[in-house]
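Participant: This is input.txt, which holds compact mmCIF, C-alpha atoms and all ligand atoms:
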# COMPACT_ATOMS: atom_id res chain seq x y z
CA MET V 1148 71.19 58.93 135.07
CA LEU V 1149 72.19 61.34 137.85
CA SER V 1150 70.19 61.50 141.07
CA GLY V 1151 68.87 64.90 142.17
CA ASN V 1152 71.77 65.41 144.62
CA GLU V 1153 74.41 64.42 142.09
CA ARG V 1154 72.92 66.81 139.51
CA ASP V 1155 73.07 69.70 142.01
CA ARG V 1156 76.70 68.89 142.81
CA THR V 1157 77.61 68.79 139.12
CA THR V 1158 76.05 72.20 138.58
CA GLU V 1159 77.92 73.57 141.58
CA ILE V 1160 81.28 72.24 140.36
CA SER V 1161 80.85 73.41 136.78
CA THR V 1162 79.98 77.02 137.70
CA GLN V 1163 82.68 77.17 140.37
CA TYR V 1164 85.42 77.35 137.72
CA ILE V 1165 83.84 79.99 135.44
CA PRO V 1166 85.79 83.21 136.01
CA GLY V 1167 83.81 86.16 137.27
CA TRP V 1168 84.64 88.34 134.27
CA LEU V 1169 83.11 85.74 131.96
CA MET V 1170 79.93 85.54 134.06
CA ASN V 1171 79.57 89.33 133.68
CA ASP V 1172 80.55 89.43 130.00
CA PRO V 1173 78.29 91.96 128.26
CA VAL V 1174 78.42 90.00 125.00
CA PRO V 1175 74.83 89.08 124.16
CA ALA V 1176 73.76 85.47 123.84
CA ALA V 1177 73.78 83.76 120.47
CA GLY V 1178 71.14 84.95 118.03
CA GLY V 1179 70.18 88.44 116.90
CA ASP V 1180 70.53 89.81 113.40
CA ARG V 1181 73.39 88.94 111.05
CA TYR V 1182 75.47 91.93 112.24
CA ALA V 1183 75.10 91.19 115.97
CA ARG V 1184 78.76 90.25 116.43
CA ILE V 1185 80.25 92.97 114.20
CA ARG V 1186 78.16 95.65 115.93
CA ILE V 1187 79.81 94.96 119.28
CA VAL V 1188 83.27 95.68 117.87
CA THR V 1189 83.26 99.08 119.49
CA ALA V 1190 86.43 100.22 117.71
CA LEU V 1191 84.28 100.60 114.58
CA ASP V 1192 81.23 102.75 113.94
CA PHE V 1193 79.05 100.07 112.44
CA GLU V 1194 76.07 102.34 111.73
CA ARG V 1195 78.25 104.62 109.60
CA ILE V 1196 79.60 101.61 107.73
CA ARG V 1197 76.04 100.35 107.15
CA HIS V 1198 75.01 103.69 105.61
CA SER V 1199 78.03 103.99 103.33
CA THR V 1200 78.43 103.74 99.56
CA ILE V 1201 81.67 102.10 98.47
CA CYS V 1202 83.38 101.63 95.12
CA VAL V 1203 85.81 98.76 94.53
CA ALA V 1204 87.89 99.30 91.38
CA GLY V 1205 89.21 95.99 90.07
CA ALA V 1206 87.66 92.56 90.68
CA GLY V 1207 90.75 90.36 90.44
CA ALA V 1208 92.36 88.37 93.25
CA LEU V 1209 92.61 91.39 95.54
CA GLY V 1210 89.19 92.73 94.51
CA ASN V 1211 87.52 89.39 95.34
CA GLU V 1212 88.89 89.52 98.88
CA VAL V 1213 87.93 93.15 99.43
CA LEU V 1214 84.45 92.65 97.97
CA LYS V 1215 83.76 89.66 100.21
CA ASN V 1216 84.80 91.55 103.35
CA MET V 1217 82.94 94.72 102.43
CA ALA V 1218 79.79 92.73 101.58
CA LEU V 1219 79.91 91.15 105.05
CA TYR V 1220 80.02 94.63 106.65
CA GLY V 1221 76.73 95.34 104.85
CA PRO V 1222 77.17 98.85 103.44
CA ARG V 1223 74.16 100.47 101.74
CA LYS V 1224 75.68 100.10 98.27
CA LEU V 1225 78.78 98.49 96.74
CA VAL V 1226 79.79 99.34 93.17
CA VAL V 1227 82.22 97.00 91.38
CA VAL V 1228 84.22 98.33 88.42
CA ASP V 1229 86.06 95.98 86.06
CA ASN V 1230 86.12 95.69 82.27
CA ASP V 1231 87.73 92.24 82.16
CA SER V 1232 86.03 88.86 81.76
CA VAL V 1233 86.44 85.75 83.89
CA ASP V 1234 89.14 83.35 82.71
CA LEU V 1235 90.00 79.85 83.94
CA SER V 1236 93.31 81.18 85.29
CA ASN V 1237 91.33 83.40 87.72
CA LEU V 1238 89.73 80.46 89.49
CA GLY V 1239 92.83 79.64 91.53
CA ARG V 1240 92.53 82.93 93.39
CA CYS V 1241 89.08 84.40 92.83
CA PHE V 1242 86.39 82.58 94.83
CA LEU V 1243 83.54 84.81 93.62
CA PHE V 1244 83.83 83.30 90.13
CA THR V 1245 82.66 79.89 88.93
CA GLU V 1246 83.79 77.53 86.19
CA GLU V 1247 80.61 78.46 84.30
CA ASP V 1248 81.61 82.15 84.48
CA ALA V 1249 85.02 81.30 83.00
CA LEU V 1250 83.67 79.04 80.27
CA SER V 1251 81.12 81.63 79.18
CA GLY V 1252 83.62 84.50 79.46
CA ARG V 1253 81.28 86.40 81.76
CA GLY V 1254 82.25 89.89 82.86
CA LYS V 1255 84.02 89.98 86.24
CA ALA V 1256 81.91 92.83 87.62
CA ASP V 1257 78.65 91.04 86.78
CA ALA V 1258 79.87 87.62 88.01
CA ALA V 1259 81.17 89.12 91.27
CA CYS V 1260 77.85 90.90 91.94
CA GLU V 1261 75.88 87.69 91.53
CA SER V 1262 78.03 85.85 94.09
CA LEU V 1263 77.98 88.84 96.44
CA ARG V 1264 74.17 88.93 96.45
CA ARG V 1265 74.26 85.39 97.79
CA ILE V 1266 76.69 86.49 100.53
CA ASN V 1267 74.57 89.45 101.69
CA SER V 1268 71.19 90.31 100.19
CA ASP V 1269 70.97 93.46 102.38
CA VAL V 1270 73.43 95.26 100.14
CA GLU V 1271 72.71 96.86 96.78
CA PHE V 1272 75.41 95.69 94.36
CA GLU V 1273 76.09 97.37 91.04
CA GLY V 1274 78.54 96.07 88.43
CA ARG V 1275 80.17 98.54 86.04
CA GLU V 1276 81.80 96.77 83.11
CA CYS V 1277 84.02 99.59 81.93
CA ASP V 1278 87.64 100.72 81.96
CA VAL V 1279 88.32 102.64 85.16
CA LEU V 1280 90.15 105.23 83.00
CA GLU V 1281 86.77 106.20 81.49
CA LEU V 1282 85.41 107.21 84.89
CA ASP V 1283 85.72 110.83 85.97
CA ARG V 1284 85.66 112.90 89.12
CA ALA V 1285 81.85 113.16 89.03
CA PHE V 1286 81.60 109.36 89.14
CA PHE V 1287 83.94 109.00 92.12
CA SER V 1288 82.47 111.96 94.04
CA VAL V 1289 79.36 110.02 95.17
CA PHE V 1290 81.29 107.47 97.26
CA ASP V 1291 82.26 107.52 100.91
CA ALA V 1292 85.42 105.57 100.01
CA VAL V 1293 87.01 104.06 96.92
CA ILE V 1294 89.10 100.91 97.25
CA GLY V 1295 91.66 100.31 94.48
CA CYS V 1296 92.49 96.72 93.56
CA LEU V 1297 94.11 97.65 90.29
CA ASP V 1298 96.86 96.09 88.25
CA ASN V 1299 98.86 99.00 86.92
CA ILE V 1300 100.30 102.37 87.86
CA ASN V 1301 98.36 104.33 85.24
CA ALA V 1302 94.96 103.16 86.51
CA ARG V 1303 96.05 103.90 90.10
CA LEU V 1304 97.14 107.43 89.17
CA HIS V 1305 93.78 108.03 87.48
CA VAL V 1306 91.67 106.84 90.41
CA ASN V 1307 93.96 108.50 92.96
CA SER V 1308 93.79 111.97 91.39
CA ASN V 1309 90.05 111.83 90.63
CA CYS V 1310 89.30 110.77 94.19
CA TYR V 1311 91.66 113.38 95.59
CA TYR V 1312 90.01 116.22 93.66
CA ALA V 1313 86.57 114.85 94.57
CA GLY V 1314 87.59 114.81 98.24
CA VAL V 1315 86.92 111.06 98.51
CA PRO V 1316 89.29 108.83 100.49
CA TYR V 1317 91.14 106.25 98.41
CA ILE V 1318 92.59 102.99 99.72
CA ASP V 1319 95.10 101.58 97.29
CA GLY V 1320 96.34 97.99 97.35
CA GLY V 1321 98.97 96.20 95.32
CA LEU V 1322 100.40 92.71 95.13
CA ASP V 1323 103.42 91.06 93.60
CA GLY V 1324 104.09 87.47 94.59
CA LEU V 1325 104.67 87.36 98.34
CA THR V 1326 104.79 91.14 98.76
CA GLY V 1327 101.95 93.60 99.02
CA ARG V 1328 101.15 97.10 100.11
CA VAL V 1329 98.22 99.22 101.23
CA GLN V 1330 98.12 103.01 101.20
CA VAL V 1331 95.36 105.12 102.73
CA VAL V 1332 94.89 108.47 101.01
CA VAL V 1333 92.77 111.02 102.85
CA PRO V 1334 92.17 114.31 101.01
CA PRO V 1335 92.44 117.26 101.24
CA GLU V 1336 95.55 117.25 103.40
CA GLY V 1337 97.07 113.78 103.22
CA ALA V 1338 99.82 112.47 100.98
CA CYS V 1339 98.49 110.65 97.93
CA TYR V 1340 99.52 107.66 95.83
CA GLN V 1341 101.32 109.88 93.33
CA CYS V 1342 103.45 111.29 96.17
CA THR V 1343 105.12 107.88 96.53
CA LEU V 1344 106.23 107.53 92.90
CA ASN V 1345 109.71 108.08 91.50
CA ALA V 1346 111.58 107.63 88.21
CA SER V 1347 111.44 103.83 88.47
CA HIS V 1348 107.61 104.03 88.28
CA MET V 1349 107.89 106.39 85.31
CA LYS V 1350 110.05 103.82 83.49
CA VAL V 1351 107.33 101.22 84.04
CA LEU V 1352 104.72 103.70 82.73
CA ASP V 1353 106.92 104.49 79.70
CA ARG V 1354 106.92 100.85 78.74
CA TYR V 1355 103.12 100.94 78.54
CA PHE V 1356 102.89 104.02 76.38
CA SER V 1357 104.26 104.95 72.99
CA CYS V 1358 105.73 108.39 72.21
CA SER V 1359 102.26 109.46 71.05
CA GLY V 1360 100.93 108.81 74.55
CA ARG V 1361 98.85 105.85 73.44
CA GLU V 1362 98.98 102.47 75.05
CA THR V 1363 101.48 100.17 73.34
CA ASN V 1364 100.86 96.62 72.24
CA ILE V 1365 103.92 95.37 74.13
CA PRO V 1366 102.72 92.51 76.35
CA ARG V 1367 102.79 93.48 80.00
CA ARG V 1368 104.38 91.41 82.69
CA ARG V 1369 102.01 89.03 84.44
CA VAL V 1370 102.21 90.01 88.10
CA PRO V 1371 102.10 86.87 90.23
CA ALA V 1372 99.23 86.82 92.74
CA GLU V 1373 99.31 84.33 95.60
CA PRO V 1374 95.93 83.59 97.25
CA SER V 1375 97.08 83.94 100.86
CA VAL V 1376 98.85 87.24 100.23
CA SER V 1377 95.79 88.46 98.27
CA ALA V 1378 93.62 87.59 101.28
CA LEU V 1379 95.97 89.37 103.69
CA ILE V 1380 96.34 92.56 101.66
CA GLY V 1381 92.61 92.58 100.81
CA SER V 1382 91.79 92.24 104.51
CA ILE V 1383 94.07 95.13 105.44
CA GLN V 1384 92.39 97.27 102.77
CA SER V 1385 88.91 96.31 104.03
CA LEU V 1386 89.81 97.04 107.64
CA GLU V 1387 91.31 100.39 106.66
CA ALA V 1388 88.05 101.16 104.81
CA ALA V 1389 86.00 100.23 107.88
CA LYS V 1390 88.24 102.40 110.10
CA LEU V 1391 88.02 105.25 107.65
CA LEU V 1392 84.21 105.07 107.51
CA SER V 1393 84.23 105.00 111.32
CA GLY V 1394 86.19 108.26 111.41
CA LYS V 1395 89.42 106.53 112.44
CA ALA V 1396 91.46 106.89 109.27
CA GLN V 1397 95.22 106.89 109.48
CA GLY V 1398 96.35 108.63 106.32
CA ASP V 1399 99.92 109.53 105.37
CA SER V 1400 100.94 105.93 105.78
CA MET V 1401 101.59 102.79 103.81
CA GLN V 1402 101.51 99.25 105.16
CA PHE V 1403 104.05 97.05 103.48
CA TYR V 1404 104.07 93.25 103.74
CA ASP V 1405 106.81 90.83 102.71
CA GLY V 1406 105.74 87.22 103.14
CA ALA V 1407 109.17 85.86 102.17
CA MET V 1408 110.99 87.84 104.87
CA ASN V 1409 108.10 87.71 107.38
CA TRP V 1410 107.55 91.37 108.02
CA LEU V 1411 104.68 93.83 108.03
CA GLU V 1412 105.55 97.46 108.58
CA ASN V 1413 103.73 100.77 108.70
CA ILE V 1414 105.73 103.37 106.76
CA SER V 1415 104.97 107.09 106.96
CA VAL V 1416 104.48 108.95 103.68
CA ALA V 1417 104.82 112.72 103.24
CA ILE V 1418 103.41 115.00 100.54
CA GLU V 1419 105.85 115.23 97.63
CA PRO V 1420 106.38 118.93 96.82
CA GLY V 1421 106.19 118.24 93.07
CA CYS V 1422 102.97 116.21 93.23
CA ASP V 1423 100.25 117.71 91.00
CA ASN V 1424 97.45 116.84 93.38
CA HIS V 1425 98.38 119.26 96.15
CA GLY V 1426 98.34 122.58 94.32
CA GLU V 1427 95.22 124.64 94.02
CA MET V 1428 92.18 122.42 93.72
CA ILE V 1429 90.80 122.22 90.20
CA LYS V 1430 87.43 123.91 90.18
CA MET Y 329 132.26 118.42 99.65
CA LYS Y 330 131.75 116.12 102.62
CA THR Y 331 130.95 112.56 101.69
CA SER Y 332 128.91 110.04 103.66
CA ARG Y 333 128.89 106.26 103.64
CA LEU Y 334 125.32 104.96 103.56
CA GLU Y 335 124.34 101.34 103.91
CA VAL Y 336 121.82 100.34 101.25
CA ARG Y 337 119.86 97.20 102.07
CA ASN Y 338 117.87 95.05 99.66
CA THR Y 339 114.74 93.98 101.58
CA GLN Y 340 114.09 91.17 99.11
CA ASN Y 341 117.16 89.18 100.08
CA GLY Y 342 118.63 90.96 103.10
CA ASN Y 343 121.86 91.80 101.26
CA SER Y 344 123.43 95.19 101.77
CA THR Y 345 126.12 97.34 100.24
CA LEU Y 346 127.91 100.54 101.26
CA MET Y 347 127.64 103.59 99.02
CA GLU Y 348 129.83 106.64 99.32
CA VAL Y 349 127.81 109.72 98.40
CA ASP Y 350 127.98 113.46 98.79
CA GLY Y 351 125.23 115.67 100.18
CA LYS Y 352 124.04 116.71 96.72
CA THR Y 353 123.49 113.14 95.52
CA LYS Y 354 119.84 112.58 94.64
CA LEU Y 355 118.20 109.59 96.28
CA GLN Y 356 116.97 108.54 92.83
CA GLU Y 357 120.65 108.00 91.86
CA ILE Y 358 121.07 105.76 94.90
CA LEU Y 359 117.92 103.81 93.96
CA ASP Y 360 119.06 103.39 90.34
CA SER Y 361 122.57 102.34 91.40
CA ALA Y 362 121.18 99.74 93.81
CA VAL Y 363 118.88 98.28 91.14
CA GLU Y 364 121.84 98.06 88.78
CA PHE Y 365 124.21 96.70 91.44
CA TRP Y 366 121.89 93.80 92.31
CA SER Y 367 120.81 93.35 88.66
CA LEU Y 368 117.17 93.72 89.68
CA SER Y 369 114.30 93.67 87.18
CA ASN Y 370 113.18 96.89 85.54
CA ASP Y 371 110.25 97.42 87.91
CA ALA Y 372 109.06 100.01 90.40
CA TYR Y 373 110.96 100.45 93.68
CA LEU Y 374 110.71 102.56 96.82
CA LEU Y 375 113.31 103.72 99.34
CA LYS Y 376 112.74 103.97 103.05
CA CYS Y 377 114.78 104.86 106.10
CA GLY Y 378 113.45 103.33 109.29
CA ARG Y 379 109.67 103.73 109.10
CA LYS Y 380 109.75 106.67 106.72
CA LEU Y 381 109.35 106.60 102.96
CA LEU Y 382 112.11 108.62 101.28
CA SER Y 383 111.35 110.99 98.43
CA ALA Y 384 113.66 110.02 95.55
CA SER Y 385 113.65 113.60 94.27
CA ARG Y 386 115.49 114.80 97.37
CA THR Y 387 119.22 114.93 97.93
CA VAL Y 388 121.03 113.10 100.71
CA GLU Y 389 121.38 116.42 102.51
CA GLU Y 390 117.70 117.37 102.09
CA ALA Y 391 116.62 113.96 103.39
CA GLY Y 392 118.76 114.53 106.48
CA LEU Y 393 120.81 111.38 105.90
CA SER Y 394 124.27 111.09 107.33
CA ASP Y 395 127.21 108.73 107.67
CA GLY Y 396 126.18 105.24 108.77
CA ASP Y 397 122.45 105.62 108.02
CA VAL Y 398 120.72 102.56 106.59
CA ILE Y 399 118.32 102.96 103.69
CA GLU Y 400 116.24 100.11 102.35
CA LEU Y 401 115.15 99.31 98.81
CA LEU Y 402 111.62 97.86 98.47
CA PRO Y 403 109.92 96.51 95.37
CA ASP Y 404 106.64 98.42 94.88
CA PRO Y 405 103.95 95.79 94.27
CA GLU Y 406 102.07 96.84 91.19
CA GLY Y 407 99.45 94.19 90.60
CA GLY Y 408 95.96 93.60 91.87
CA GLY Y 409 95.88 90.03 90.69
CA ARG Y 410 94.03 90.75 87.47
CA ARG Y 411 94.86 88.85 84.33
CA TYR Y 412 97.19 90.76 82.02
CA PRO Y 413 96.50 91.01 78.31
ZN ZN R 1 100.37 113.59 96.07
Could you rewrite the structure in this file as structure tokens?
Ligand SMILES: [Zn+2]
Facilitator:
Amino acid sequence: MLSGNERDRTTEISTQYIPGWLMNDPVPAAGGDRYARIRIVTALDFERIRHSTICVAGAGALGNEVLKNMALYGPRKLVVVDNDSVDLSNLGRCFLFTEEDALSGRGKADAACESLRRINSDVEFEGRECDVLELDRAFFSVFDAVIGCLDNINARLHVNSNCYYAGVPYIDGGLDGLTGRVQVVVPPEGACYQCTLNASHMKVLDRYFSCSGRETNIPRRRVPAEPSVSALIGSIQSLEAAKLLSGKAQGDSMQFYDGAMNWLENISVAIEPGCDNHGEMIK
Amino acid sequence: MKTSRLEVRNTQNGNSTLMEVDGKTKLQEILDSAVEFWSLSNDAYLLKCGRKLLSASRTVEEAGLSDGDVIELLPDPEGGGRRYP
């Protein structure tokens, strides 16, 4: 046990080495509500994020990551769209799903919402078990932002154009093995997802559709999804959504990541003169 | 017509090749030739120059490319990690 004098000396020595800037740090002491630490990130407008309504289209590997991050921000409402059911092969990448979900073939949107309610009960979660292609401009128009975690070009084109015409920002993400990309689309003046496409994308689309315009039965390639890259790309999408909701969107750009070559780059995107989405707005 | 030698780089493996093109060559032709040259899979690709995405519908001249410029071929990641049927 220390004597009174020794205790005083110890206190003196221990405070002597605390830098002044730390003594005056405005960060509040531990405690407060669950958003206490996020709120002091002054680069974001947390109150605007808290009052937002967000749609996440696709609840696969990327969707799981985005949903987790967005749930932690605590928006007013988060709508999850996915028409697929949970499969055992999802469990290696999708932490919102359980073995029970896979064994019972539970819908991904429903299973994700249940896990998300445990993460943050402040948020209203709604699962929509339907094909995103069935959703129209009226559906997308109610959101402050739509985050795309989709698995094919056709679904992306559908969400992109509906959001663009509805005037709703769209944050698209894509993965393939160790590569990934994020594009922020801010209507009415920014370049959109369709602006980035070329004939190589059309060839991929052609493989999915027959001459009659209907989806073919040709099996599609399984795009590899690596959990760490999913987490990285999903985090970039979530941060872009938070920036966008805070009025700090950086449209006309695409962030591209290559985990094999160790690079992450911001690439500028311009409106493609032939893109359908930048003519006269459809009334 | 004046021709230019462009360096086309494959970002997936760091390899590059020189292509001799004229000003009227569409960038889509360059993209298709590069995919064929490296025997790449029939997937979606993008072209960029520096930190700018190139529109494949433009010509070399319209894109403002000239002798010695480096353009890069990127695979466009299509998936979201969902299970495919
Ligand atoms: Zn466009």
Participant: Dump as a Markdown table the rows for residues of chain V within 7 Å of ligand ZN 1 (chain R): closest atom pair and distance in Å with one decimal, all atoms listed in the file counted, ordered by chain and rising residue number.
Facilitator:
| residue | atom | partner | partner_atom | distance |
| --- | --- | --- | --- | --- |
| V:Ala1338 | CA | R:ZN1 | ZN | 5.1 |
| V:Cys1339 | CA | R:ZN1 | ZN | 4.0 |
| V:Tyr1340 | CA | R:ZN1 | ZN | 6.0 |
| V:Gln1341 | CA | R:ZN1 | ZN | 4.7 |
| V:Cys1342 | CA | R:ZN1 | ZN | 3.8 |
| V:Ile1418 | CA | R:ZN1 | ZN | 5.6 |
| V:Glu1419 | CA | R:ZN1 | ZN | 5.9 |
| V:Cys1422 | CA | R:ZN1 | ZN | 4.7 |
| V:Asp1423 | CA | R:ZN1 | ZN | 6.5 |
| V:Asn1424 | CA | R:ZN1 | ZN | 5.1 |
| V:His1425 | CA | R:ZN1 | ZN | 6.0 |
Participant: Around (124.3, 104.8, 102.8) in the file's own coordinates, what residues are found within 8 Å if you use only C-alpha atoms, given back as a list in words?
Facilitator: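 In the file's frame, the residues around the point are Ser332, Arg333, Leu334, Glu335, Val336, Leu346, Met347, Glu348, Val349, Ser394, Asp395, Gly396, Asp397, Val398 and Ile399 of chain Y.
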Participant: Just want the 12 Å neighbourhood of Y:Leu382, counted on all atoms listed in the file, with same-chain residues fewer than 2 positions away dropped. Output as a PyMOL selection string.
Facilitator: (chain V and resi 1342-1345+1414-1419) or (chain Y and resi 354-356+358-359+373-380+384-388+390-393+398-402)
Participant: So that I have them on file, write out the residues from the current selection with C-alpha atoms, as a JSON list (two decimals), in the frame of the given file.
Facilitator:
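And here is the file that came out, result-v9.json:
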[["chain", "number", "residue", "atom", "x", "y", "z"],
["V", 1342, "CYS", "CA", 103.45, 111.29, 96.17],
["V", 1343, "THR", "CA", 105.12, 107.88, 96.53],
["V", 1344, "LEU", "CA", 106.23, 107.53, 92.90],
["V", 1345, "ASN", "CA", 109.71, 108.08, 91.50],
["V", 1414, "ILE", "CA", 105.73, 103.37, 106.76],
["V", 1415, "SER", "CA", 104.97, 107.09, 106.96],
["V", 1416, "VAL", "CA", 104.48, 108.95, 103.68],
["V", 1417, "ALA", "CA", 104.82, 112.72, 103.24],
["V", 1418, "ILE", "CA", 103.41, 115.00, 100.54],
["V", 1419, "GLU", "CA", 105.85, 115.23, 97.63],
["Y", 354, "LYS", "CA", 119.84, 112.58, 94.64],
["Y", 355, "LEU", "CA", 118.20, 109.59, 96.28],
["Y", 356, "GLN", "CA", 116.97, 108.54, 92.83],
["Y", 358, "ILE", "CA", 121.07, 105.76, 94.90],
["Y", 359, "LEU", "CA", 117.92, 103.81, 93.96],
["Y", 373, "TYR", "CA", 110.96, 100.45, 93.68],
["Y", 374, "LEU", "CA", 110.71, 102.56, 96.82],
["Y", 375, "LEU", "CA", 113.31, 103.72, 99.34],
["Y", 376, "LYS", "CA", 112.74, 103.97, 103.05],
["Y", 377, "CYS", "CA", 114.78, 104.86, 106.10],
["Y", 378, "GLY", "CA", 113.45, 103.33, 109.29],
["Y", 379, "ARG", "CA", 109.67, 103.73, 109.10],
["Y", 380, "LYS", "CA", 109.75, 106.67, 106.72],
["Y", 384, "ALA", "CA", 113.66, 110.02, 95.55],
["Y", 385, "SER", "CA", 113.65, 113.60, 94.27],
["Y", 386, "ARG", "CA", 115.49, 114.80, 97.37],
["Y", 387, "THR", "CA", 119.22, 114.93, 97.93],
["Y", 388, "VAL", "CA", 121.03, 113.10, 100.71],
["Y", 390, "GLU", "CA", 117.70, 117.37, 102.09],
["Y", 391, "ALA", "CA", 116.62, 113.96, 103.39],
["Y", 392, "GLY", "CA", 118.76, 114.53, 106.48],
["Y", 393, "LEU", "CA", 120.81, 111.38, 105.90],
["Y", 398, "VAL", "CA", 120.72, 102.56, 106.59],
["Y", 399, "ILE", "CA", 118.32, 102.96, 103.69],
["Y", 400, "GLU", "CA", 116.24, 100.11, 102.35],
["Y", 401, "LEU", "CA", 115.15, 99.31, 98.81],
["Y", 402, "LEU", "CA", 111.62, 97.86, 98.47]]
Participant: Kindly give the distance, in Å, that separates atom CA of V:Gly1252 and atom CA of V:Asp1231, rounded to a single decimal.
Facilitator: 9.2 Å
Participant: Of the candidates Y:Ser367, Y:Thr339, Y:Asp350, Y:Glu357, which shows the shortest atom-to-atom distance to V:Trp1410, using all atoms listed in the file?
Facilitator: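 Once distances to V:Trp1410 are computed over all atoms listed in the file, the minimum belongs to Y:Thr339.
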Participant: Mind running chain V against chain Y at 8 Å and telling me each contacting residue's nearest atom pair with the distance in Å (one decimal), counting only C-alpha atoms, chain and number ascending, as CSV?
Facilitator:
residue,atom,partner,partner_atom,distance
V:Gly1205,CA,Y:Gly408,CA,7.4
V:Ala1206,CA,Y:Arg410,CA,7.4
V:Gly1207,CA,Y:Arg410,CA,4.4
V:Ala1208,CA,Y:Gly409,CA,4.7
V:Leu1209,CA,Y:Gly408,CA,5.4
V:Gly1210,CA,Y:Gly408,CA,7.3
V:Ser1236,CA,Y:Arg411,CA,7.9
V:Asn1237,CA,Y:Arg411,CA,7.3
V:Cys1296,CA,Y:Gly408,CA,5.0
V:Leu1297,CA,Y:Gly408,CA,4.7
V:Asp1298,CA,Y:Gly407,CA,4.0
V:Asn1299,CA,Y:Glu406,CA,5.8
V:Ile1300,CA,Y:Glu406,CA,6.7
V:Gly1320,CA,Y:Gly408,CA,7.0
V:Gly1321,CA,Y:Pro405,CA,5.1
V:Leu1322,CA,Y:Pro405,CA,4.8
V:Asp1323,CA,Y:Pro405,CA,4.8
V:Thr1326,CA,Y:Pro405,CA,6.5
V:Gly1327,CA,Y:Pro405,CA,5.6
V:Arg1328,CA,Y:Pro405,CA,6.6
V:Thr1343,CA,Y:Ser383,CA,7.2
V:Leu1344,CA,Y:Leu374,CA,7.8
V:Asn1345,CA,Y:Ala384,CA,6.0
V:Ala1346,CA,Y:Gln356,CA,7.2
V:Ser1347,CA,Y:Ala372,CA,4.9
V:His1348,CA,Y:Ala372,CA,4.8
V:Lys1350,CA,Y:Asp371,CA,7.8
V:Val1351,CA,Y:Asp371,CA,6.2
V:Pro1366,CA,Y:Pro413,CA,6.7
V:Arg1367,CA,Y:Tyr412,CA,6.5
V:Arg1368,CA,Y:Tyr412,CA,7.3
V:Arg1369,CA,Y:Tyr412,CA,5.7
V:Val1370,CA,Y:Gly407,CA,5.6
V:Pro1371,CA,Y:Gly409,CA,7.0
V:Ala1372,CA,Y:Gly409,CA,5.1
V:Ser1377,CA,Y:Gly409,CA,7.7
V:Ala1407,CA,Y:Gln340,CA,7.9
V:Met1408,CA,Y:Gln340,CA,7.3
V:Glu1412,CA,Y:Arg379,CA,7.5
V:Asn1413,CA,Y:Arg379,CA,6.6
V:Ile1414,CA,Y:Arg379,CA,4.6
V:Ser1415,CA,Y:Lys380,CA,4.8
V:Val1416,CA,Y:Leu381,CA,5.5
V:Ala1417,CA,Y:Leu381,CA,7.6
V:Glu1419,CA,Y:Ser383,CA,7.0
Participant: Excluding same-chain residues fewer than 5 positions from V:Gly1221, what lies within 10 Å of it counting all atoms listed in the file, as JSON, numbers by chain?
Facilitator: {"V": [1181, 1182, 1193, 1194, 1196, 1197, 1198, 1199, 1216, 1266, 1267, 1268, 1269, 1270, 1271]}
Participant: Out of Y:Lys330, Y:Lys352, Y:Glu389, Y:Asn343, which residue has the shortest atom-to-atom distance to Y:Phe365 when counting all atoms listed in the file?
Facilitator: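 Counting all atoms listed in the file, the residue closest to Y:Phe365 is Y:Asn343.
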Participant: Mind pulling up the distance from atom CA of V:Leu1304 to atom CA of V:Asp1283?
Facilitator: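 According to the coordinates, atom CA of V:Asp1283 and atom CA of V:Leu1304 are separated by 12.3 Å.
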Participant: Enumerate, as a PyMOL selection string, the protein, DNA and RNA residues whose atoms approach (79.2, 97.2, 87.5) to within 12 Å, taking into account only C-alpha atoms and the coordinate frame of the file.
Facilitator: chain V and resi 1202-1206+1224-1231+1254-1261+1271-1279
